[in-house]
Amino acid sequence: MKETIRKTMENLEKNGMQPFFVETKEEVVPLIKKLVPCGSSVSNGGSVSLAETGVSALLESGYYDFADRRGLEGEALRNCYIKAFGCDAYFCSSNAVTENGELYNVDGNSNRVACIVFGPRQVIMVVGINKIVPDINAAIKRVKDCAAPPNTRRLNCKTPCAETGKCISLNAENAFMCDGCKSPQRICCNYVVSAQQRHKNRIKVIIVNEKLGY
């Protein structure tokens with residue numbers, strides 16, 4: 001695993017993203033405080049990894065100017081999304097990180113992938129070693145098999161994968177990336193691969209030597 005992490009971090013750097021490595025989840029918050037000054041405007045995508053590492057609690061603590069979408073609906077929610085788009089730092093995880101230094105993310109509402117691609121001054125991803133995969137094909141399968149099903153259950157979405165534990169497209173031979181159910185609550189709607197980055201080090205990836213999230 002050490003060689004895999006080294007290769008992944010080296011390729012992230014080659015692709016214009018700034019990698020960091022910590023041994024334990026307890027080291028994440030102190031690192032973030034070094035990367036993002038107190039009082040900065042911040043927001044986040046929904047993420048179990050952020051909760052498990054204490055980042056969610058940090059964002060809610062008043063240490064930052066937090067655009068918090070919890071409990072919002074309608075225009076208030078939309079305005080929060082727009083504010084997040086212009087924040088100093090956006091926090092999330094990644095559905096998968098390839099050894100080639102690519103990020104693979106799939107969203108339903110897609111405010112998260114929108115902020116990953118453009119908007120916030122920097123994007124800080126907290127990623128457990130369970131999300132490192134060899135390549136994009138493995139990343140596609142990981143989302144269908146390991147990430148989407150538990151997330152649909154967490155979000156109480158009525159989808160086939162919430163019931164069966166895997167995407168229905170995996171039953172087909174040579175399932176295409178975009179194949180899936182037609183549920184109105186489907187969470188796999190937009191697919192984003194982050195490869196070579198023009199804005200060097202805008203995306204920062206903190207790899208934690210533990211299993212985190214889905």
# chains A, B, ... in the order shown; residues from 1 in each chain; ligands from 1

call {"tool": "closest_atom_pairs", "arguments": {"of": "stretch 164-196 of chain A", "to": "stretch 75-96 of chain A", "cutoff": "12 Å", "atoms": "only C-alpha atoms", "output": "tab-separated table"}}
result
residue	atom	partner	partner_atom	distance
A:Cys188	CA	A:Asn95	CA	11.4
A:Tyr191	CA	A:Asn95	CA	10.6
A:Val192	CA	A:Asn95	CA	10.3
A:Val193	CA	A:Ala96	CA	9.8
A:Ser194	CA	A:Ser94	CA	10.3

call {"tool": "residues_around", "arguments": {"residues": "A:Arg112", "least_positions_apart": "4", "cutoff": "8 Å", "atoms": "only C-alpha atoms", "output": "ChimeraX atom specification"}}
result
/A:44-45,92,107,116

call {"tool": "residues_around", "arguments": {"residues": "A:Glu23", "least_positions_apart": "5", "cutoff": "12 Å", "atoms": "only C-alpha atoms", "output": "list in words"}}
result
Lys2, Ile5, Val28, Leu31, Thr53, Val127, Gly128, Ile129, Ile206, Ile207, Val208, Asn209, Glu210 and Lys211 of chain A

call {"tool": "select_by_dssp", "arguments": {"residues": "stretch 131-169 of chain A", "states": "helix (DSSP H, G or I)", "output": "list in words"}}
result
Lys131, Ile136, Asn137, Ala138, Ala139, Ile140, Lys141, Arg142, Val143, Lys144, Asp145, Cys146, Ala147, Ala148, Pro149, Pro150, Asn151, Thr152, Arg153, Arg154, Pro160, Cys161, Ala162, Glu163, Thr164, Ile168 and Ser169 of chain A

call {"tool": "select_by_dssp", "arguments": {"residues": "stretch 25-188 of chain A", "states": "strand (DSSP E)", "output": "PyMOL selection string"}}
result
chain A and resi 41-44+65-66+89-92+96-98+103-107+122-128+132-133

call {"tool": "closest_residue", "arguments": {"among": "A:Tyr214, A:Phe176, A:Ala195, A:Ser61", "to": "A:Asn130", "atoms": "only C-alpha atoms"}}
result
A:Tyr214

call {"tool": "residues_around", "arguments": {"residues": "stretch 162-168 of chain A", "least_positions_apart": "2", "cutoff": "6 Å", "atoms": "only C-alpha atoms", "output": "PyMOL selection string"}}
result
chain A and resi 144-145+149+152-153+159-160+170-171

call {"tool": "closest_residue", "arguments": {"among": "A:Pro134, A:Gly71, A:Gly108, A:Gly213", "to": "A:Pro150", "atoms": "only C-alpha atoms"}}
result
A:Gly213

call {"tool": "atom_distance", "arguments": {"atom1": "atom CA of A:Glu26", "atom2": "atom CA of A:Glu10"}}
result
23.7 Å

call {"tool": "closest_residue", "arguments": {"among": "A:Glu13, A:Val29, A:Val97, A:Asn156", "to": "A:Ala57", "atoms": "only C-alpha atoms"}}
result
A:Val29

call {"tool": "closest_residue", "arguments": {"among": "A:Arg198, A:Asn111, A:Pro37, A:Leu50", "to": "A:Arg69", "atoms": "only C-alpha atoms"}}
result
A:Asn111

call {"tool": "residues_around", "arguments": {"residues": "A:Tyr63", "least_positions_apart": "3", "cutoff": "12 Å", "atoms": "only C-alpha atoms", "output": "number ranges by chain"}}
result
A: 29, 32-33, 36-42, 55-60, 66
